[in-house]
Structure formats: C-alpha cells, structure tokens
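Right, one structure below, let's go through it.
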Amino acid sequence: MNIMTSPPSQLRGDLQRNVVRHVSKTFDWAAFPGNVGFPDLDRAQMRYVGAGGSPKVGEPGTLKPEHFTVSLIHKPVGKFAACHSHEVEESFLIISGVLTVGWEQQGEVVEIKLGPKDMILNARDIGHGFRNDGIEPVLMSISVDAGKPLPPVYLYHPKNGDDVELSRRFGAEPGKAIPFDPQGAHPLQSIMAKMVIRHTEQPTLWDAAGFNRKIYVGPGGVQSSTCRKEMLGVPAGVGVKPYVRDVEDAFMVLEGTLTVGWQEGDERVEMELGPRDLVLNPAGRPHWFRNNSAGPVTVWSVIGTDQPETVVFERA
Ligand SMILES: [Fe+2]
C-alpha cells in the first residue's frame, strides 16, 4: 500500500517550533561565567525560554522570551550559588530535592529550606544565594523577567577573594544564619514571608471547567509587577475549550502528560507533552489543554502579565 504523507501544515510547524522537548536539550555546566574554575559552585542550566540570567542568549533550540524566561537548574549535593543581587525578579520553583535559600543584608542571613513544589520569588536588589544541603540533587525551574538582563552583582564570592566557607553561608559568620520564621524580628523575615509559597499551605482552587490551580505569583499569591505563575492540576479526561490571551503563556509539565492544542480558522493541531516538556503559546493564539491520559497531570504555568485573570475557562 502506498501511504501518502503530506508535509506538516504551517500551524503544526508553528506549534512544533514552540514546544521544547526535555530530551532535545542538554544541561549546560558552563552557563554562568562567574562559576568557572570554582567546583564548589557547580551547577547546570537547561534553557527553554530565554537565557535566564546566563549570557548565552539566542541559542538555537531555545525560545525567544517576551515577558519571562524559563529554565531548569540542576544543583548537585553539597554545591552552592554565591550570594548576589540583580535588578530582575527571579522565582525558584523546586521540582525535586531540598534547596536552602539565603537572603543577606549587611552580613546577616536568613535561610529557608524549600521542598518539591515550594517556590520563592527573590526580591529585586536583595542579596540571595542557594545551597544544596540535601542527599539528592536539586532540580528547579527558574523564571526571571526578560526586561533587564544586567549581570548579577556578587556580594560574597570566592573569585573576589572571599573565604569559600563564608561564601557557602552567603556571608553569615559561623552559626549566625537565622532560620526563616515569618514572625521573626529581622526585617528580612517579613519580606521573605511575603515572597515564599509553600505548596501544601496554598489553597487549591477548583475551576468550574474541572481542573484546579494553586496561585503562586499574582493576585492570591506572591505579588509581582511582571508575571503570574500557577500550578495546574488536570484530572484524567478533563480539557478546556480554546482560549486567547493578549500576552504569552507557557506550560511546563511536572508530572503526567498534557495534550496542548492550537487553532487557526478551522484548523486544529495538537501535541502531547511529557514531564519537563514545555510549550510557549504566543499572545493572540487560540490554544487549549486537555488530559488524555488515565492519570492526573501537574503543570507549571507562567503568564506574561501581573494583571488578574481574564480568561473564563469552559470545559471542552
Ligand atoms: Fe539570582
């Protein structure tokens, strides 16, 4: 039998170009020039949307950012990231492992431990670093706003002659790091309390369309002036009708598989995303999602505006 295959349509090609498969990428151990030559600072980055603070912008296979970037960071056991500050807002969403994040102010450091599905939004211009004190590597998704890609200012870093152990503690003297306590007296405590989401403490909101969400960043979550970030739970068999935003949104699958679709006129195309695959839906594109599988799917979603939700989802 002669099977005729037609070339993919323009729409299918466009969707395929906006999907980043986890297995199509390679972790980059040299993403951050400031770490080169310092094995204590080892970390690897996988760039999905934009360079996410790395100077390696515009590489093939990485999507062009509009309002936000999305990357994965792998932090091996025992390694740390030196305390630094920058003008962009930066979120860490933990996917696996336990990450210790420290915020520093004039030699005083507040530290918090974050587990899977917890998030911190690092405030602009506050010194922050992170460290893996756990027994397994940390994998996290980092998003920064794409607007001002200025290089970080390192506050404590071995390359500047700072002691490695002092740098590992983000600048705190031995035994002087303060554990995070939202009621704590240190000014950093109350700022940090507004910027942390514990997955299990954030309400689960059920949408009339049959899926749920936890709001991480945006009205109901951490306040931001750039983007909204949500974790969606979509039960087996649930999907929504096509919807349109006036900004881009991105889905990264954390667990399960998600079918995503685009529409143009009468034409509809779909692709299935597996864990750690991402789709970037441009502004104005009618798009939808559906769970075709037998199990639930968990999705990390970033939306390129800080404004309240405008979409009224309808079950398909
Ligand atoms: Fe940072």
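By convention in this document, the chains of the structure tokens carry letters A, B, ... by their order, each chain's residues are numbered from 1, and ligands are numbered from 1 in the order they are shown.
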Can you tell me which residues surround Glu111 in chain A at a distance of at most 9 Å, considering only C-alpha atoms, apart from same-chain residues fewer than 4 positions away, and format the answer as an MDAnalysis selection string? chainID A and resid 100:104 130 177:180
Selection near range 66-79 of chain A, 7 Å with only C-alpha atoms, sequence-local residues under 2 positions removed, as number ranges by chain: A: 40-52, 64, 131-147, 304
Taking the DSSP assignment computed from this structure's backbone, write out as a PyMOL selection string all residues of range 67-263 of chain A that belong to alpha helix (DSSP H). chain A and resi 164-168+187-193
Convert the current residue selection to file output with C-alpha atoms, as an mmCIF file, in the first residue's frame.
```cif
data_model
loop_
_atom_site.group_PDB
_atom_site.id
_atom_site.type_symbol
_atom_site.label_atom_id
_atom_site.label_comp_id
_atom_site.auth_asym_id
_atom_site.auth_seq_id
_atom_site.Cartn_x
_atom_site.Cartn_y
_atom_site.Cartn_z
ATOM 1 C CA VAL A 164 34.795 29.689 50.440
ATOM 2 C CA GLU A 165 33.044 28.711 53.681
ATOM 3 C CA LEU A 166 31.865 32.299 54.288
ATOM 4 C CA SER A 167 30.575 32.338 50.705
ATOM 5 C CA ARG A 168 28.846 28.990 51.261
ATOM 6 C CA PRO A 187 13.485 42.852 58.617
ATOM 7 C CA LEU A 188 14.402 40.184 56.041
ATOM 8 C CA GLN A 189 11.961 37.761 57.695
ATOM 9 C CA SER A 190 8.848 39.784 56.934
ATOM 10 C CA ILE A 191 9.997 40.499 53.368
ATOM 11 C CA MET A 192 10.742 36.822 52.764
ATOM 12 C CA ALA A 193 7.405 35.794 54.301
#
```
I'd like to know which residues of range 124-215 of chain A are strand (DSSP E) (by DSSP, run on the backbone); could you write them as an NGL selection string? :A and (127-131 or 138-144 or 153-154 or 178-179 or 196-197 or 205-206 or 212-215)
Within 9 Å of ligand 1, counting only C-alpha atoms and all ligand atoms: which residues, as number ranges by chain? A: 53, 81, 83-86, 88-91, 122, 124, 127-129, 144, 152
Selected residues, C-alpha atoms, written as a tab-separated table (two decimals), in the first residue's frame, please.
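Final output, saved to selection_20.tsv:
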```
chain	number	residue	atom	x	y	z
A	53	GLY	CA	20.47	35.21	33.57
A	81	ALA	CA	25.45	29.52	44.39
A	83	CYS	CA	25.25	35.43	47.18
A	84	HIS	CA	24.40	38.02	44.55
A	85	SER	CA	21.77	40.60	43.68
A	86	HIS	CA	20.22	41.84	40.46
A	88	VAL	CA	15.28	41.38	37.86
A	89	GLU	CA	12.76	39.39	39.84
A	90	GLU	CA	13.59	35.72	39.91
A	91	SER	CA	11.47	32.74	41.00
A	122	ASN	CA	13.76	36.57	45.07
A	124	ARG	CA	14.88	42.79	43.37
A	127	GLY	CA	21.31	39.59	48.08
A	128	HIS	CA	20.44	35.92	47.69
A	129	GLY	CA	22.23	32.62	47.26
A	144	VAL	CA	13.22	35.83	35.51
A	152	PRO	CA	24.45	39.86	38.80
```
Skipping near chain neighbours, those fewer than 4 positions away, what residues fall within 6 Å of range 209-224 of chain A using only C-alpha atoms, listed as a JSON list (two decimals) with N, CA and C atoms, in the first residue's frame?
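Output saved as result03.json:
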```json
[["chain", "number", "residue", "atom", "x", "y", "z"],
["A", 195, "MET", "N", 7.19, 36.44, 50.10],
["A", 195, "MET", "CA", 7.72, 36.00, 48.80],
["A", 195, "MET", "C", 7.84, 34.49, 48.68],
["A", 204, "THR", "N", -6.07, 25.23, 47.22],
["A", 204, "THR", "CA", -6.33, 24.60, 45.92],
["A", 204, "THR", "C", -7.68, 25.11, 45.43],
["A", 205, "LEU", "N", -7.66, 25.81, 44.30],
["A", 205, "LEU", "CA", -8.87, 26.45, 43.77],
["A", 205, "LEU", "C", -9.40, 25.60, 42.62],
["A", 228, "ARG", "N", 2.33, 36.28, 36.17],
["A", 228, "ARG", "CA", 1.62, 35.38, 37.09],
["A", 228, "ARG", "C", 2.20, 33.98, 36.92],
["A", 229, "LYS", "N", 2.17, 33.22, 38.01],
["A", 229, "LYS", "CA", 2.66, 31.84, 37.97],
["A", 229, "LYS", "C", 1.69, 30.98, 38.77],
["A", 230, "GLU", "N", 1.31, 29.85, 38.17],
["A", 230, "GLU", "CA", 0.31, 28.99, 38.79],
["A", 230, "GLU", "C", 0.70, 27.54, 38.57],
["A", 231, "MET", "N", 0.23, 26.68, 39.48],
["A", 231, "MET", "CA", 0.37, 25.24, 39.27],
["A", 231, "MET", "C", -1.02, 24.68, 39.02],
["A", 232, "LEU", "N", -1.16, 24.02, 37.88],
["A", 232, "LEU", "CA", -2.45, 23.46, 37.49],
["A", 232, "LEU", "C", -2.46, 21.96, 37.73],
["A", 233, "GLY", "N", -3.61, 21.47, 38.18],
["A", 233, "GLY", "CA", -3.84, 20.04, 38.27],
["A", 233, "GLY", "C", -5.02, 19.70, 37.37],
["A", 234, "VAL", "N", -4.78, 18.83, 36.39],
["A", 234, "VAL", "CA", -5.84, 18.50, 35.43],
["A", 234, "VAL", "C", -6.14, 17.01, 35.55],
["A", 306, "ASP", "N", 1.03, 40.68, 35.08],
["A", 306, "ASP", "CA", 0.71, 40.63, 36.51],
["A", 306, "ASP", "C", -0.77, 40.94, 36.75],
["A", 313, "PHE", "N", -12.57, 29.92, 31.75],
["A", 313, "PHE", "CA", -12.36, 28.62, 31.10],
["A", 313, "PHE", "C", -13.69, 27.89, 30.96],
["A", 314, "GLU", "N", -13.82, 27.22, 29.83],
["A", 314, "GLU", "CA", -15.01, 26.39, 29.59],
["A", 314, "GLU", "C", -14.56, 24.96, 29.34],
["A", 315, "ARG", "N", -15.23, 24.04, 29.95],
["A", 315, "ARG", "CA", -14.85, 22.64, 29.75],
["A", 315, "ARG", "C", -15.18, 22.22, 28.32]]
```
